[in-house]
Amino acid sequence: MTTEPLTDPTTDPAHPAESRETTEGRVYTVTGGDWDEFLDEAGDSERVVINLGPQHPSTHGVLRLVLELEGETVTQARSVIGYLHTGIEKNTEYRTWTQGVTFVTRMDYLAPLYNETAYCLGVEKLLGVEAPTRAQTFRIMLMELNRISSHLVFMATGAMELGSTTGMTFGFRDREEVLHLLEFLTGLRMNHAFVRPGGVAQDLPENYREKVLEFIKVMDKRLPDYAKLFSGQPIWKQRLKNVGYLPLDGCLQLGVTGPILRSAGIAWDLRKIEPYCGYENFDFEVPTSTDGDCFARFLLRLDEIHESLKIIRQCLDAFESGPVMVDDPKIAWPAKLSIGPDGMGNSLEHVRKIMGQSMESLIHHFKLVTEGFDVPPGQVYSPVESPRGELGYHLVSDGGTRPMRVHVREPSFVNLQAFPAMAEGGLVADVIAAVASIDPVMGGVDR
């Protein structure tokens with residue numbers, strides 16, 4: 001690794017670094033200080049320092065855990081992040097406001113529709129517009145489907161890491177049902193870029209109601225299997241009960257949100273506390289527990305899937321007729337299209353019109369796609385309740401066609417701070433259960 005050090009290596013004897021002269025100037029070679037410090041602290045004691053990860057099984061992606069052990073007991077734990085750094089926040093500053101959606105959807109790649117919606121809600125606040133009611137309801141339905149798929153991955157990967165291949169098979173099997181439905185509704189399984197500033201990319205497809213009801217029927221039939229497989233299973237309970245304990249005061253001090261906070265006793269859910277997209281019109285419960293351990297987080301997410309299905313049912317009855325994009329040609333993107341017979345691209349009639357009959361339409365379409373629209377100067381914070389907790393977007397505009405700054409309050413990143421508090425004092429085997437119960441997505445942590 002080559003970088004400019006924060007301190008002068010020639011005057012800092014505690015952290016000496018080799019250097020060499022290059023055409024770009026002096027370059028220093030810095031070794032992994034965290035590992036060296038850990039070893040020094042352990043000294044000549046009975047304790048041993050080990051590396052866990054970065055690998056996907058056990059650490060939910062490229063998360064590195066440095067553990068100090070005394071026998072099988074973890075005496076000190078440290079999480080090391082940054083192996084997946086994508087610079088998504090910075091990249092959005094070099095794209096139009098609409099193009100930013102294709103970047104943010106790749107942060108938490110298990111909850112892409114939440115990133116898209118939170119980002120677009122922020123852009124809409126800056127623009128002073130509100131998406132049509134039909135688009136808002138569509139967003140809610142998509143997000144709740146996404147919550148189900150995300151929680152199913154939590155079940156599947158958590159089960160796999162604790163040795164239950166049946167649980168893994170169940171989780172990924174049912175997640176496929178969600179992804180098939182999302183593909184039918186948006187055109188893509190993941191990283192949809194479907195939610196756009198001002199609404200959504202296109203209206204609901206034909207037969208959407210039958211497809212969604214069919215999905216709900218399948219899930220209603222399969223969900224009880226998770227309770228039968230896990231809830232009373234002695235090995236599963238022993239691996240999760242009283243493991244990864246984090247009480248309410250610890251959650252509040254560390255800024256933890258989502259299922260971890262609710263498992264400690266507070267029914268904090270932004271869908272109820274600060275409703276958005278019309279959530280105030282839906283009837284659903286916020287599951288809670290006071291146990292604050294891994295088992296409580298598992299049961300809570302299972303309950304949340306049932307509540308999401310309840311919301312999806314209500315969405316089907318709440319859809320109003322009308323547009324799914326604001327009626328402003330300077331914002332609505334894509335510009336008015338006429339979908340081709342294959343469901344993709346433009347119809348030949350539409351192309352013929354804008355290319356041959358309406359030069360104004362062609363110019364407008366070209367400028368909207370290449371330059372984008374201006375957003376009034378200002379800054380805004382728009383939070384949503386993602387499957388992992390409070391996902392908030394702080395957007396700053398200087399009045400141009402691109403964001404001046406995008407910063408994300410990513411729940412996986414914040415919740416990961418709680419890992420040492422959960423793991424220290426427990427066994428090495430319990431570290432895996434604790435990380436699984438946090439359910440971090442490293443794409444969000446290392447954005």
# chains A, B, ... in the order shown; residues from 1 in each chain; ligands from 1
>>> residues_around(residues="Gly199 in chain A", least_positions_apart="6", cutoff="8 Å", atoms="only C-alpha atoms", output="list in words")
Ala131, Pro132, Ala135, Gln136, Val324, Met325 and Val326 of chain A
>>> select_by_dssp(residues="range 199-400 of chain A", states="strand (DSSP E)", output="list of chain:residue names")
A:Gly199, A:Val200, A:Gly378, A:Gln379, A:Val380, A:Tyr381, A:Ser382, A:Pro383, A:Val384, A:Glu385, A:Ser386, A:Gly389, A:Glu390, A:Leu391, A:Gly392, A:Tyr393, A:His394, A:Leu395, A:Val396, A:Ser397
>>> closest_residue(among="A:Lys228, A:Gly444, A:Leu246, A:Tyr393", to="Leu299 in chain A", atoms="only C-alpha atoms")
A:Lys228
>>> residues_around(residues="Gly372 in chain A", least_positions_apart="4", cutoff="9 Å", atoms="only C-alpha atoms", output="ChimeraX atom specification")
/A:95-99,330-331,333,367-368,401-402
>>> write_last_selection(atoms="N, CA and C atoms", output="mmCIF file, in the first residue's frame")
data_model
loop_
_atom_site.group_PDB
_atom_site.id
_atom_site.type_symbol
_atom_site.label_atom_id
_atom_site.label_comp_id
_atom_site.auth_asym_id
_atom_site.auth_seq_id
_atom_site.Cartn_x
_atom_site.Cartn_y
_atom_site.Cartn_z
ATOM 1 N N ARG A 95 -22.188 12.966 -11.923
ATOM 2 C CA ARG A 95 -23.308 12.517 -12.751
ATOM 3 C C ARG A 95 -24.504 13.431 -12.498
ATOM 4 N N THR A 96 -25.469 13.409 -13.405
ATOM 5 C CA THR A 96 -26.682 14.208 -13.192
ATOM 6 C C THR A 96 -27.467 13.628 -12.018
ATOM 7 N N TRP A 97 -28.444 14.394 -11.561
ATOM 8 C CA TRP A 97 -29.254 13.948 -10.413
ATOM 9 C C TRP A 97 -29.951 12.622 -10.713
ATOM 10 N N THR A 98 -30.411 12.437 -11.924
ATOM 11 C CA THR A 98 -31.096 11.187 -12.276
ATOM 12 C C THR A 98 -30.102 10.037 -12.386
ATOM 13 N N GLN A 99 -28.946 10.288 -12.980
ATOM 14 C CA GLN A 99 -27.947 9.219 -13.119
ATOM 15 C C GLN A 99 -27.446 8.743 -11.760
ATOM 16 N N LYS A 330 -39.613 19.055 -17.630
ATOM 17 C CA LYS A 330 -38.220 19.421 -17.353
ATOM 18 C C LYS A 330 -37.613 18.524 -16.270
ATOM 19 N N ILE A 331 -38.449 17.723 -15.593
ATOM 20 C CA ILE A 331 -37.966 16.813 -14.541
ATOM 21 C C ILE A 331 -38.164 15.354 -14.941
ATOM 22 N N TRP A 333 -38.088 11.943 -16.175
ATOM 23 C CA TRP A 333 -37.075 11.203 -16.935
ATOM 24 C C TRP A 333 -37.318 9.720 -16.712
ATOM 25 N N LYS A 367 -31.355 17.159 -24.413
ATOM 26 C CA LYS A 367 -30.828 17.983 -23.320
ATOM 27 C C LYS A 367 -31.140 17.359 -21.957
ATOM 28 N N LEU A 368 -32.347 16.808 -21.810
ATOM 29 C CA LEU A 368 -32.743 16.217 -20.533
ATOM 30 C C LEU A 368 -31.870 15.013 -20.195
ATOM 31 N N THR A 401 -26.814 20.947 -12.296
ATOM 32 C CA THR A 401 -27.433 19.702 -12.772
ATOM 33 C C THR A 401 -26.822 18.471 -12.106
ATOM 34 N N ARG A 402 -25.859 18.694 -11.208
ATOM 35 C CA ARG A 402 -25.227 17.581 -10.494
ATOM 36 C C ARG A 402 -25.217 17.880 -8.997
#
>>> closest_residue(among="A:Val414, A:Leu213, A:Val129, A:Val104", to="Ala332 in chain A", atoms="only C-alpha atoms")
A:Val129
>>> closest_residue(among="A:Pro440, A:Gly278, A:Gly292, A:Pro234", to="Phe419 in chain A", atoms="only C-alpha atoms")
A:Pro440
>>> residues_around(residues="Leu204 in chain A", least_positions_apart="2", cutoff="8 Å", atoms="only C-alpha atoms", output="list of chain:residue names")
A:Phe138, A:Leu185, A:Gln202, A:Glu206, A:Tyr208
>>> closest_residue(among="A:Ser289, A:Thr22, A:Asn146, A:Thr157", to="Leu309 in chain A", atoms="only C-alpha atoms")
A:Asn146
>>> closest_residue(among="A:Ser382, A:Thr23, A:Ser437, A:Ser149", to="Gly122 in chain A", atoms="only C-alpha atoms")
A:Ser382
>>> residues_around(residues="Val178 in chain A", least_positions_apart="4", cutoff="7 Å", atoms="only C-alpha atoms", output="number ranges by chain")
A: 145, 149, 174, 182
>>> select_by_dssp(residues="range 270-429 of chain A", states="helix (DSSP H, G or I)", output="PyMOL selection string")
chain A and resi 270-273+279-281+294-318+348-356+359-370+411-423+428-429
>>> write_last_selection(atoms="C-alpha atoms", output="PDB file, in the first residue's frame")
ATOM      1  CA  LEU A 270     -39.358   5.587  10.663  1.00  0.00           C
ATOM      2  CA  ARG A 271     -42.398   4.277   8.787  1.00  0.00           C
ATOM      3  CA  LYS A 272     -44.361   5.090  11.966  1.00  0.00           C
ATOM      4  CA  ILE A 273     -42.252   7.863  13.552  1.00  0.00           C
ATOM      5  CA  TYR A 279     -46.982   4.963   5.100  1.00  0.00           C
ATOM      6  CA  GLU A 280     -49.303   6.762   7.552  1.00  0.00           C
ATOM      7  CA  ASN A 281     -52.245   5.377   5.554  1.00  0.00           C
ATOM      8  CA  CYS A 294     -29.403 -12.964  18.445  1.00  0.00           C
ATOM      9  CA  PHE A 295     -32.461 -15.176  18.890  1.00  0.00           C
ATOM     10  CA  ALA A 296     -34.719 -12.136  19.422  1.00  0.00           C
ATOM     11  CA  ARG A 297     -33.354 -10.539  16.231  1.00  0.00           C
ATOM     12  CA  PHE A 298     -34.101 -13.703  14.263  1.00  0.00           C
ATOM     13  CA  LEU A 299     -37.709 -13.917  15.511  1.00  0.00           C
ATOM     14  CA  LEU A 300     -38.212 -10.194  14.990  1.00  0.00           C
ATOM     15  CA  ARG A 301     -37.158 -10.287  11.342  1.00  0.00           C
ATOM     16  CA  LEU A 302     -39.481 -13.252  10.784  1.00  0.00           C
ATOM     17  CA  ASP A 303     -42.349 -11.167  12.221  1.00  0.00           C
ATOM     18  CA  GLU A 304     -41.361  -8.235  10.013  1.00  0.00           C
ATOM     19  CA  ILE A 305     -41.769 -10.392   6.896  1.00  0.00           C
ATOM     20  CA  HIS A 306     -45.385 -11.083   7.931  1.00  0.00           C
ATOM     21  CA  GLU A 307     -45.986  -7.351   8.456  1.00  0.00           C
ATOM     22  CA  SER A 308     -44.488  -6.559   5.028  1.00  0.00           C
ATOM     23  CA  LEU A 309     -46.885  -9.028   3.398  1.00  0.00           C
ATOM     24  CA  LYS A 310     -49.730  -7.246   5.195  1.00  0.00           C
ATOM     25  CA  ILE A 311     -48.597  -3.894   3.748  1.00  0.00           C
ATOM     26  CA  ILE A 312     -48.244  -5.362   0.235  1.00  0.00           C
ATOM     27  CA  ARG A 313     -51.844  -6.621   0.395  1.00  0.00           C
ATOM     28  CA  GLN A 314     -53.002  -3.115   1.327  1.00  0.00           C
ATOM     29  CA  CYS A 315     -50.991  -1.616  -1.544  1.00  0.00           C
ATOM     30  CA  LEU A 316     -52.978  -3.660  -4.064  1.00  0.00           C
ATOM     31  CA  ASP A 317     -56.204  -2.070  -2.790  1.00  0.00           C
ATOM     32  CA  ALA A 318     -54.673   1.414  -2.428  1.00  0.00           C
ATOM     33  CA  LEU A 348     -41.153   2.988 -34.097  1.00  0.00           C
ATOM     34  CA  GLU A 349     -44.000   5.536 -34.169  1.00  0.00           C
ATOM     35  CA  HIS A 350     -42.454   7.463 -31.283  1.00  0.00           C
ATOM     36  CA  VAL A 351     -38.988   7.456 -32.847  1.00  0.00           C
ATOM     37  CA  ARG A 352     -40.455   8.551 -36.192  1.00  0.00           C
ATOM     38  CA  LYS A 353     -42.270  11.427 -34.490  1.00  0.00           C
ATOM     39  CA  ILE A 354     -39.382  12.899 -32.504  1.00  0.00           C
ATOM     40  CA  MET A 355     -36.847  12.312 -35.290  1.00  0.00           C
ATOM     41  CA  GLY A 356     -38.918  13.519 -38.222  1.00  0.00           C
ATOM     42  CA  MET A 359     -37.515  18.895 -33.577  1.00  0.00           C
ATOM     43  CA  GLU A 360     -38.471  20.476 -30.211  1.00  0.00           C
ATOM     44  CA  SER A 361     -39.197  17.043 -28.725  1.00  0.00           C
ATOM     45  CA  LEU A 362     -35.867  15.719 -29.944  1.00  0.00           C
ATOM     46  CA  ILE A 363     -33.905  18.701 -28.573  1.00  0.00           C
ATOM     47  CA  HIS A 364     -35.688  18.521 -25.230  1.00  0.00           C
ATOM     48  CA  HIS A 365     -35.108  14.769 -24.955  1.00  0.00           C
ATOM     49  CA  PHE A 366     -31.425  15.188 -25.839  1.00  0.00           C
ATOM     50  CA  LYS A 367     -30.828  17.983 -23.320  1.00  0.00           C
ATOM     51  CA  LEU A 368     -32.743  16.217 -20.533  1.00  0.00           C
ATOM     52  CA  VAL A 369     -30.749  13.004 -20.982  1.00  0.00           C
ATOM     53  CA  THR A 370     -27.296  14.533 -21.488  1.00  0.00           C
ATOM     54  CA  PRO A 411     -27.145   1.601   8.842  1.00  0.00           C
ATOM     55  CA  SER A 412     -24.733  -1.287   8.219  1.00  0.00           C
ATOM     56  CA  PHE A 413     -21.791   1.073   8.832  1.00  0.00           C
ATOM     57  CA  VAL A 414     -23.260   2.492  12.047  1.00  0.00           C
ATOM     58  CA  ASN A 415     -24.539  -0.844  13.386  1.00  0.00           C
ATOM     59  CA  LEU A 416     -21.154  -2.490  12.839  1.00  0.00           C
ATOM     60  CA  GLN A 417     -19.820  -0.310  15.675  1.00  0.00           C
ATOM     61  CA  ALA A 418     -21.816  -2.543  18.017  1.00  0.00           C
ATOM     62  CA  PHE A 419     -19.860  -5.667  17.058  1.00  0.00           C
ATOM     63  CA  PRO A 420     -17.159  -5.439  19.796  1.00  0.00           C
ATOM     64  CA  ALA A 421     -19.833  -4.831  22.453  1.00  0.00           C
ATOM     65  CA  MET A 422     -21.661  -7.962  21.270  1.00  0.00           C
ATOM     66  CA  ALA A 423     -18.620 -10.192  20.839  1.00  0.00           C
ATOM     67  CA  VAL A 428     -15.192 -17.467  19.098  1.00  0.00           C
ATOM     68  CA  ALA A 429     -18.152 -19.440  17.756  1.00  0.00           C
TER      69      ALA A 429
END
>>> closest_residue(among="A:Asn242, A:Ser321, A:Thr169, A:Ser386", to="Asp293 in chain A", atoms="only C-alpha atoms")
A:Asn242
>>> residues_around(residues="range 253-259 of chain A", least_positions_apart="4", cutoff="6 Å", atoms="only C-alpha atoms", output="list of chain:residue names")
A:Ser263, A:Arg388, A:Gly389, A:Asn415
>>> atom_distance(atom1="CA of Leu113 in chain A", atom2="CA of Met143 in chain A")
5.9 Å
>>> residues_around(residues="Val74 in chain A", least_positions_apart="2", cutoff="8 Å", atoms="only C-alpha atoms", output="compact mmCIF listing (two decimals) with C-alpha atoms, in the first residue's frame")
# COMPACT_ATOMS: atom_id res chain seq x y z
CA LEU A 67 -9.74 -10.99 17.63
CA GLU A 68 -7.68 -11.29 20.80
CA LEU A 69 -8.41 -14.62 22.47
CA GLU A 70 -7.78 -16.13 25.85
CA GLU A 72 -11.89 -19.77 23.40
CA GLN A 76 -10.90 -7.89 22.49
CA ALA A 77 -12.43 -7.50 19.04
CA ALA A 423 -18.62 -10.19 20.84
CA GLU A 424 -16.21 -9.39 23.68
CA GLY A 425 -16.59 -11.80 26.60
CA GLY A 426 -18.19 -14.46 24.39
CA LEU A 427 -16.76 -17.45 22.56
CA VAL A 428 -15.19 -17.47 19.10
